[in-house]
2 protein chains.
Amino acid sequence: MDSQSPYIQILREHGCRITQARRVVLRALEDASGHYTSAQIIAAVQALDPRVGRASVFRALELFTRLGILRPTYLSGSLTPAYVLMSDGHHHHVICSQCQVIHEFDDCGLDAMTRQLESRLNLRIDGHLLEFYGVCADCQAAGA
Amino acid sequence: MDSQSPYIQILREHGCRITQARRVVLRALEDASGHYTSAQIIAAVQALDPRVGRASVFRALELFTRLGILRPTYLSGSLTPAYVLMSDGHHHHVICSQCQVIHEFDDCGLDAMTRQLESRLNLRIDGHLLEFYGVCADCQAAGA
DNA sequence: TAGGCTTCTGATACTCAATAGCAAGAGTAG
DNA sequence: CTACTCTTGCTATTGAGTATCAGAAGCCTA
């Protein structure tokens with residue numbers, strides 16, 4: 001029943017135990033389906049299950065990052081990272097440099113480039129993060 | 001003579017003063033041409049000009065990030081960001097998940113996608129960061 | 001299903017990168 | 001050169017993230 005989540009499967013494949021703390025952190029991340037800072041994730045976890053401690057959240061985030069499930073990224077001028085769920089190993093978004101709005105998109109068309117890089121550099125590629133920086137329509141209108 | 005650096009030009013265009021501290025930080029970054037943490041940048045700046053203080057380095061890094069000259073990115077298990085120079089607005093690299101070696105590459109072929117996104121989402125795009133995650137040849141050999 | 005080994009957890013104290021505040025100094029426009 | 005304003009350097013402070021460790025909980029075996 002837990003095995004429905006592909007992330008739980010990844011934990012299992014790596015020989016990591018499926019603990020309550022990890023399950024709750026994963027659920028918080030999936031509910032969010034966005035870009036959350038550690039503080040926001042801790043708050044969400046507290047709401048789901050108050051018994052889970054701060055330290056365990058940080059440990060889970062670190063583990064998930066190591067397994068390629070998550071990727072911390074720096075957004076909105078703050079040096080506190082936001083965590084991004086790498087669904088199926090990849091993630092793509094556009095960030096407005098002015099209002100910091102984030103627009104995610106799915107199709108990246110990077111499969112061909114991935115193959116090409118793998119053969120050219122002689123390595124294996126498991127995933128990628130693609131960020132575009134720009135100015136959104138609203139900010140362009142406001143700035144004009 | 002300073003105006004040779006395109007980054008100095010960017011500062012000028014945004015009405016920022018060309019101060020000694022900012023010049024030194026830029027020089028440290030250009031000398032490095034790699035991925036440096038703030039601690040490493042501070043050390044490099046100290047070596048170039050000991051009068052420049054820590055706080056000014058952080059302020060310069062923040063300013064350059066805001067202007068799109070730099071991008072903090074998460075590398076190698078530490079939550080202290082590494083700064084990447086966005087030459088001409090974009091940067092691309094492959095990171096080995098095991099030994100954390102970074103391999104930069106230039107051609108990304110993302111111009112077409114950039115155009116497409118601009119028209120589809122109705123926004124202006126100024127740059128991008130593309131990170132691939134995988135396992136390098138050495139680590140694959142060692143792991144086998 | 002219970003036993004037993006091992007990993008993981010929760011609580012707290014601690015560390016140190018990053019920031020805030022302010023008086024003094026340096027850029028720049030005229 | 002002068003004057004105005006932005007920026008700096010110093011230092012105190014903050015707070016996200018980490019270390020520690022006894023106890024709890026997964027999980028494998030039989």
# chains A, B, ... in the order shown; residues from 1 in each chain; ligands from 1
call {"tool": "interface_residues", "arguments": {"of": "chain A", "to": "chain D", "cutoff": "8 Å", "atoms": "only C-alpha atoms (C1' of nucleotides)", "output": "VMD selection string"}}
result
chain A and resid 17 to 19 58 80
call {"tool": "residues_around", "arguments": {"residues": "DA11 in chain C", "least_positions_apart": "3", "cutoff": "10 Å", "atoms": "only C-alpha atoms (C1' of nucleotides)", "output": "short mmCIF file (atom, residue, chain, number, x, y, z; two decimals) with N, CA and C atoms, in the first residue's frame"}}
result
data_model
loop_
_atom_site.label_atom_id
_atom_site.label_comp_id
_atom_site.auth_asym_id
_atom_site.auth_seq_id
_atom_site.Cartn_x
_atom_site.Cartn_y
_atom_site.Cartn_z
N GLY A 53 10.51 15.10 14.37
CA GLY A 53 11.37 16.20 14.79
C GLY A 53 12.07 16.90 13.63
N ARG A 54 12.55 18.11 13.94
CA ARG A 54 13.28 18.92 12.96
C ARG A 54 14.42 18.15 12.32
N ALA A 55 15.24 17.58 13.18
CA ALA A 55 16.45 16.92 12.69
C ALA A 55 16.12 15.84 11.68
#
call {"tool": "interface_residues", "arguments": {"of": "chain B", "to": "chain C", "cutoff": "12 Å", "atoms": "only C-alpha atoms (C1' of nucleotides)", "output": "list of chain:residue names"}}
result
B:Arg12, B:Gly15, B:Cys16, B:Arg17, B:Ile18, B:Thr19, B:Gln20, B:Ala21, B:Thr37, B:Ser38, B:Ala39, B:Ile42, B:Arg54, B:Ala55, B:Ser56, B:Val57, B:Phe58, B:Arg59, B:Leu61, B:Glu62, B:Ser78, B:Leu79, B:Thr80, B:Pro81
call {"tool": "interface_residues", "arguments": {"of": "chain B", "to": "chain A", "cutoff": "6 Å", "atoms": "only C-alpha atoms", "output": "ChimeraX atom specification"}}
result
/B:122-137
call {"tool": "decode", "arguments": {"residues": "range 30-78 of chain A", "atoms": "N, CA and C atoms", "output": "CSV table (one decimal), in the first residue's frame"}}
result
chain,number,residue,atom,x,y,z
A,30,GLU,N,5.0,15.8,-1.7
A,30,GLU,CA,4.1,15.5,-2.7
A,30,GLU,C,2.8,16.4,-2.7
A,31,ASP,N,2.3,16.6,-1.5
A,31,ASP,CA,1.2,17.5,-1.4
A,31,ASP,C,1.6,18.9,-1.9
A,32,ALA,N,2.8,19.3,-1.6
A,32,ALA,CA,3.2,20.7,-2.0
A,32,ALA,C,3.3,20.7,-3.5
A,33,SER,N,4.0,19.8,-4.1
A,33,SER,CA,4.2,19.7,-5.6
A,33,SER,C,4.7,21.1,-6.0
A,34,GLY,N,5.6,21.7,-5.2
A,34,GLY,CA,6.2,23.0,-5.6
A,34,GLY,C,7.6,23.1,-5.2
A,35,HIS,N,7.9,24.4,-4.8
A,35,HIS,CA,9.2,24.7,-4.4
A,35,HIS,C,9.2,25.2,-2.9
A,36,TYR,N,9.6,24.3,-2.0
A,36,TYR,CA,9.5,24.6,-0.6
A,36,TYR,C,10.8,24.8,0.0
A,37,THR,N,10.9,25.7,0.9
A,37,THR,CA,12.1,25.9,1.7
A,37,THR,C,12.0,24.9,2.9
A,38,SER,N,13.2,24.6,3.5
A,38,SER,CA,13.2,23.7,4.6
A,38,SER,C,12.2,24.1,5.7
A,39,ALA,N,12.1,25.4,6.0
A,39,ALA,CA,11.2,25.9,7.0
A,39,ALA,C,9.8,25.6,6.7
A,40,GLN,N,9.4,25.7,5.4
A,40,GLN,CA,8.0,25.4,5.0
A,40,GLN,C,7.8,23.9,5.1
A,41,ILE,N,8.8,23.1,4.7
A,41,ILE,CA,8.6,21.7,4.8
A,41,ILE,C,8.5,21.2,6.2
A,42,ILE,N,9.3,21.8,7.1
A,42,ILE,CA,9.2,21.5,8.6
A,42,ILE,C,7.8,21.8,9.1
A,43,ALA,N,7.3,22.9,8.7
A,43,ALA,CA,5.9,23.3,9.1
A,43,ALA,C,4.9,22.3,8.6
A,44,ALA,N,5.0,21.9,7.3
A,44,ALA,CA,4.0,21.0,6.8
A,44,ALA,C,4.1,19.6,7.4
A,45,VAL,N,5.3,19.2,7.8
A,45,VAL,CA,5.5,17.9,8.4
A,45,VAL,C,4.9,18.0,9.8
A,46,GLN,N,5.1,19.1,10.5
A,46,GLN,CA,4.6,19.3,11.9
A,46,GLN,C,3.0,19.1,11.8
A,47,ALA,N,2.4,19.7,10.8
A,47,ALA,CA,1.0,19.7,10.6
A,47,ALA,C,0.5,18.3,10.4
A,48,LEU,N,1.3,17.5,9.6
A,48,LEU,CA,0.9,16.1,9.3
A,48,LEU,C,1.1,15.2,10.5
A,49,ASP,N,2.2,15.4,11.2
A,49,ASP,CA,2.5,14.5,12.3
A,49,ASP,C,3.5,15.2,13.3
A,50,PRO,N,3.0,15.7,14.4
A,50,PRO,CA,3.8,16.6,15.3
A,50,PRO,C,4.9,15.8,16.0
A,51,ARG,N,4.9,14.5,15.9
A,51,ARG,CA,5.9,13.7,16.6
A,51,ARG,C,7.2,13.7,15.8
A,52,VAL,N,7.2,14.1,14.5
A,52,VAL,CA,8.4,14.1,13.7
A,52,VAL,C,9.2,15.3,14.0
A,53,GLY,N,10.5,15.1,14.4
A,53,GLY,CA,11.4,16.2,14.8
A,53,GLY,C,12.1,16.9,13.6
A,54,ARG,N,12.6,18.1,13.9
A,54,ARG,CA,13.3,18.9,13.0
A,54,ARG,C,14.4,18.1,12.3
A,55,ALA,N,15.2,17.6,13.2
A,55,ALA,CA,16.5,16.9,12.7
A,55,ALA,C,16.1,15.8,11.7
A,56,SER,N,15.0,15.1,11.9
A,56,SER,CA,14.7,14.0,11.0
A,56,SER,C,14.3,14.6,9.7
A,57,VAL,N,13.6,15.7,9.7
A,57,VAL,CA,13.3,16.4,8.4
A,57,VAL,C,14.5,16.7,7.6
A,58,PHE,N,15.5,17.3,8.3
A,58,PHE,CA,16.7,17.7,7.6
A,58,PHE,C,17.4,16.4,7.1
A,59,ARG,N,17.4,15.4,7.9
A,59,ARG,CA,18.1,14.1,7.5
A,59,ARG,C,17.4,13.5,6.3
A,60,ALA,N,16.0,13.6,6.3
A,60,ALA,CA,15.3,13.0,5.1
A,60,ALA,C,15.6,13.8,3.9
A,61,LEU,N,15.6,15.2,4.0
A,61,LEU,CA,15.9,16.0,2.8
A,61,LEU,C,17.3,15.7,2.3
A,62,GLU,N,18.2,15.5,3.2
A,62,GLU,CA,19.6,15.2,2.7
A,62,GLU,C,19.6,13.8,2.0
A,63,LEU,N,18.9,12.8,2.6
A,63,LEU,CA,18.9,11.5,2.0
A,63,LEU,C,18.2,11.6,0.6
A,64,PHE,N,17.1,12.2,0.5
A,64,PHE,CA,16.4,12.3,-0.7
A,64,PHE,C,17.2,13.0,-1.8
A,65,THR,N,18.0,14.0,-1.4
A,65,THR,CA,18.8,14.7,-2.3
A,65,THR,C,19.9,13.7,-2.8
A,66,ARG,N,20.5,13.0,-1.9
A,66,ARG,CA,21.5,12.0,-2.3
A,66,ARG,C,21.0,11.0,-3.2
A,67,LEU,N,19.7,10.6,-3.1
A,67,LEU,CA,19.1,9.6,-4.0
A,67,LEU,C,18.6,10.2,-5.3
A,68,GLY,N,18.7,11.5,-5.4
A,68,GLY,CA,18.2,12.1,-6.7
A,68,GLY,C,16.7,12.4,-6.7
A,69,ILE,N,16.0,12.2,-5.6
A,69,ILE,CA,14.6,12.4,-5.5
A,69,ILE,C,14.3,13.9,-5.4
A,70,LEU,N,15.2,14.6,-4.7
A,70,LEU,CA,15.1,16.1,-4.5
A,70,LEU,C,16.3,16.8,-5.1
A,71,ARG,N,16.1,18.1,-5.3
A,71,ARG,CA,17.2,18.9,-5.7
A,71,ARG,C,17.0,20.3,-5.0
A,72,PRO,N,18.0,20.7,-4.2
A,72,PRO,CA,17.9,22.1,-3.6
A,72,PRO,C,18.3,23.1,-4.7
A,73,THR,N,17.6,24.2,-4.7
A,73,THR,CA,17.9,25.2,-5.7
A,73,THR,C,17.7,26.6,-5.0
A,74,TYR,N,18.5,27.6,-5.5
A,74,TYR,CA,18.4,28.9,-4.8
A,74,TYR,C,17.5,29.8,-5.6
A,75,LEU,N,16.4,30.2,-4.9
A,75,LEU,CA,15.4,31.1,-5.5
A,75,LEU,C,15.3,32.4,-4.8
A,76,SER,N,14.8,33.4,-5.4
A,76,SER,CA,14.3,34.6,-4.8
A,76,SER,C,15.3,35.3,-3.9
A,77,GLY,N,16.5,35.4,-4.3
A,77,GLY,CA,17.4,36.2,-3.5
A,77,GLY,C,17.9,35.7,-2.2
A,78,SER,N,17.2,34.6,-1.7
A,78,SER,CA,17.6,34.1,-0.5
A,78,SER,C,18.6,32.9,-0.6
